>>> print(open('coords25.txt').read())   # compact mmCIF, C-alpha atoms
# COMPACT_ATOMS: atom_id res chain seq x y z
CA MET A 1 132.54 60.72 4.05
CA ASN A 2 131.22 63.77 5.91
CA SER A 3 128.38 65.19 3.81
CA MET A 4 128.52 68.55 5.61
CA SER A 5 131.98 69.39 4.33
CA SER A 6 131.48 68.11 0.79
CA ASP A 7 129.20 70.93 -0.36
CA ILE A 8 130.67 73.94 1.43
CA SER A 9 134.11 74.37 -0.02
CA PRO A 10 136.83 76.42 1.71
CA GLU A 11 137.06 78.95 -1.12
CA HIS A 12 133.42 79.90 -0.46
CA THR A 13 133.79 80.56 3.24
CA CYS A 14 135.03 83.52 5.22
CA SER A 15 137.54 82.45 7.83
CA THR A 16 138.13 85.88 9.34
CA LEU A 17 136.86 86.33 12.87
CA PHE A 18 136.18 89.89 13.87
CA ILE A 19 133.90 91.96 16.01
CA ARG A 20 132.12 94.68 14.10
CA PRO A 21 132.35 97.97 15.97
CA PHE A 22 129.14 99.92 16.13
CA PRO A 23 129.40 103.16 14.14
CA GLY A 24 127.93 105.32 16.88
CA GLU A 25 126.45 105.29 20.32
CA GLY A 26 123.07 103.58 20.21
CA ALA A 27 123.49 102.58 16.56
CA TYR A 28 122.89 98.95 17.50
CA LEU A 29 119.23 99.90 17.88
CA LEU A 30 119.08 99.98 14.05
CA ASP A 31 120.54 96.50 13.68
CA PRO A 32 118.02 94.01 12.25
CA VAL A 33 119.30 91.22 14.51
CA TYR A 34 118.84 93.40 17.60
CA GLN A 35 115.38 94.46 16.41
CA ALA A 36 114.36 90.83 15.80
CA LEU A 37 115.52 89.84 19.28
CA PHE A 38 113.72 92.84 20.78
CA ARG A 39 110.50 91.73 19.02
CA GLY A 40 110.89 88.28 20.56
CA ILE A 41 111.92 86.23 17.53
CA GLU A 42 112.33 82.52 18.18
CA PRO A 43 115.88 81.16 18.35
CA GLY A 44 116.96 79.45 15.14
CA PHE A 45 118.84 79.76 11.88
CA TYR A 46 118.11 82.79 9.70
CA HIS A 47 119.31 84.57 6.61
CA LEU A 48 119.87 88.26 7.38
CA LYS A 49 117.31 89.08 4.65
CA GLU A 50 114.64 87.38 6.77
CA LEU A 51 115.28 89.79 9.64
CA SER A 52 115.91 92.99 7.67
CA PRO A 53 113.43 95.61 6.48
CA ASP A 54 112.88 95.80 2.71
CA ASN A 55 115.04 98.92 2.32
CA PHE A 56 117.86 97.76 4.61
CA LYS A 57 120.55 97.69 1.90
CA GLN A 58 119.78 101.33 1.05
CA SER A 59 120.15 102.48 4.66
CA GLU A 60 123.12 104.41 6.02
CA TYR A 61 123.40 101.82 8.79
CA TYR A 62 123.93 99.07 6.19
CA ARG A 63 126.46 101.17 4.28
CA VAL A 64 128.48 102.17 7.36
CA TYR A 65 128.24 98.94 9.32
CA TYR A 66 127.59 95.89 7.15
CA LYS A 67 128.94 96.88 3.73
CA ALA A 68 132.14 98.31 5.24
CA THR A 69 133.11 94.82 6.45
CA GLY A 70 133.33 93.49 2.89
CA ILE A 71 130.87 90.75 3.79
CA VAL A 72 127.80 90.87 1.58
CA GLU A 73 126.00 87.68 2.53
CA ASP A 74 125.11 86.83 6.13
CA VAL A 75 123.37 83.86 7.67
CA LEU A 76 123.17 83.44 11.40
CA TYR A 77 122.21 81.36 14.36
CA LEU A 78 120.27 83.02 17.19
CA VAL A 79 120.62 81.28 20.54
CA MET A 80 119.00 82.26 23.83
CA LEU A 81 121.52 81.51 26.58
CA ASP A 82 119.05 82.50 29.30
CA GLU A 83 116.05 84.83 29.54
CA ASP A 84 118.28 87.92 29.48
CA THR A 85 121.17 86.84 27.25
CA SER A 86 121.28 86.02 23.56
CA LEU A 87 124.06 84.88 21.27
CA SER A 88 124.19 85.47 17.54
CA ILE A 89 126.68 83.56 15.44
CA MET A 90 126.98 85.08 11.98
CA LEU A 91 128.52 83.38 8.97
CA GLY A 92 129.44 85.69 6.13
CA ARG A 93 130.45 85.56 2.49
CA ASP A 94 132.97 88.05 1.18
CA LEU A 95 132.28 90.40 -1.70
CA GLY A 96 132.77 88.53 -4.96
CA LYS A 97 131.96 85.13 -3.50
CA PRO A 98 128.76 83.30 -4.45
CA PRO A 99 125.82 83.61 -2.05
CA TYR A 100 124.86 80.72 0.18
CA THR A 101 122.91 78.23 -1.89
CA GLU A 102 119.60 76.85 -0.70
CA GLN A 103 121.31 73.48 -0.18
CA GLU A 104 124.04 75.07 1.99
CA GLN A 105 121.44 76.94 4.04
CA ASN A 106 119.43 73.73 4.51
CA ARG A 107 122.55 71.94 5.75
CA LEU A 108 123.28 74.78 8.17
CA ARG A 109 119.66 74.60 9.40
CA ILE A 110 120.07 70.89 10.12
CA VAL A 111 122.83 71.56 12.68
CA GLU A 112 120.95 74.44 14.36
CA PRO A 113 119.87 72.27 17.34
CA ILE A 114 123.53 71.35 17.93
CA VAL A 115 124.59 75.01 17.81
CA ARG A 116 121.72 75.98 20.12
CA ASN A 117 122.63 73.32 22.68
CA ALA A 118 126.37 74.03 22.48
CA GLY A 119 125.65 77.68 23.18
CA LYS A 120 123.87 76.73 26.39
CA LEU A 121 126.79 74.77 27.80
CA SER A 122 128.39 76.45 30.78
>>> encode(input="coords25.txt", output="structure tokens")
Amino acid sequence: MNSMSSDISPEHTCSTLFIRPFPGEGAYLLDPVYQALFRGIEPGFYHLKELSPDNFKQSEYYRVYYKATGIVEDVLYLVMLDEDTSLSIMLGRDLGKPPYTEQEQNRLRIVEPIVRNAGKLS
């Protein structure tokens, strides 16, 4: 039995793939993921809360960009493809779905080295 799939049930996942458009020219500068990368954060697995300022959910950027997607819970992998290129893979939970549990986040952290190495394949 695959222990990864046993605790993360399909009804708790978001299967929609989309690219979030930025709400204005240069707005990406306000993005907590961009800011973390700019500050030189180490590649790894993170909860968006770890990268966001304390008042992020009260910001206009959050309201226009993140909340508008209907996804209220984000975890992500940050991968450095080379010294000038990064990749962020975000996993989200839709409004009304339970947040990622600590156990789910720990399981996602376990596979971070695999995600990191797969991102470097060319």
>>> residues_around(input="coords25.txt", residues="Asp94 of chain A", least_positions_apart="4", cutoff="6 Å", atoms="only C-alpha atoms", output="PyMOL selection string")
chain A and resi 70-72
>>> write_last_selection(input="coords25.txt", atoms="C-alpha atoms", output="mmCIF file, in the coordinates of the input")
data_model
loop_
_atom_site.group_PDB
_atom_site.id
_atom_site.type_symbol
_atom_site.label_atom_id
_atom_site.label_comp_id
_atom_site.auth_asym_id
_atom_site.auth_seq_id
_atom_site.Cartn_x
_atom_site.Cartn_y
_atom_site.Cartn_z
ATOM 1 C CA GLY A 70 133.330 93.490 2.890
ATOM 2 C CA ILE A 71 130.870 90.750 3.790
ATOM 3 C CA VAL A 72 127.800 90.870 1.580
#
>>> closest_residue(input="coords25.txt", among="A:Thr69, A:Asn117, A:Ser59, A:Thr101", to="Gly44 of chain A", atoms="all atoms listed in the file")
A:Asn117
>>> residues_around(input="coords25.txt", residues="Ile89 of chain A", least_positions_apart="2", cutoff="9 Å", atoms="only C-alpha atoms", output="NGL selection string")
:A and (75-79 or 87 or 91)
>>> residues_around(input="coords25.txt", residues="Lys120 of chain A", least_positions_apart="3", cutoff="9 Å", atoms="only C-alpha atoms", output="compact mmCIF listing (two decimals) with C-alpha atoms, in the frame of the given file")
# COMPACT_ATOMS: atom_id res chain seq x y z
CA VAL A 79 120.62 81.28 20.54
CA MET A 80 119.00 82.26 23.83
CA LEU A 81 121.52 81.51 26.58
CA ASP A 82 119.05 82.50 29.30
CA VAL A 115 124.59 75.01 17.81
CA ARG A 116 121.72 75.98 20.12
CA ASN A 117 122.63 73.32 22.68
>>> atom_distance(input="coords25.txt", atom1="atom CA of Arg109 of chain A", atom2="atom CA of Lys57 of chain A")
24.3 Å
>>> atom_distance(input="coords25.txt", atom1="atom CA of Tyr61 of chain A", atom2="atom CA of Gly92 of chain A")
17.4 Å
>>> closest_residue(input="coords25.txt", among="A:Leu95, A:Asp54, A:Arg107, A:Thr85", to="Glu73 of chain A", atoms="all atoms listed in the file")
A:Leu95
>>> axis_aligned_box(input="coords25.txt", around="segment 26-43 of chain A", padding_each_side="6 Å", output="lines of an AutoDock Vina configuration file")
center_x = 117.0
center_y = 92.4
center_z = 16.5
size_x = 25.0
size_y = 34.4
size_z = 20.5
>>> atom_distance(input="coords25.txt", atom1="atom CA of Tyr28 of chain A", atom2="atom CA of Gly96 of chain A")
26.7 Å
>>> closest_residue(input="coords25.txt", among="A:Leu30, A:Ala118, A:Met90, A:Ile110", to="Phe56 of chain A", atoms="only C-alpha atoms")
A:Leu30
>>> closest_residue(input="coords25.txt", among="A:Ile114, A:Glu60, A:Leu48, A:Ala36", to="Arg93 of chain A", atoms="only C-alpha atoms")
A:Leu48
>>> closest_residue(input="coords25.txt", among="A:Pro32, A:Glu112, A:Ser86, A:Pro98", to="Tyr62 of chain A", atoms="all atoms listed in the file")
A:Pro32
>>> closest_residue(input="coords25.txt", among="A:Asp74, A:Asn55, A:Asp84, A:Lys67", to="Leu37 of chain A", atoms="all atoms listed in the file")
A:Asp84
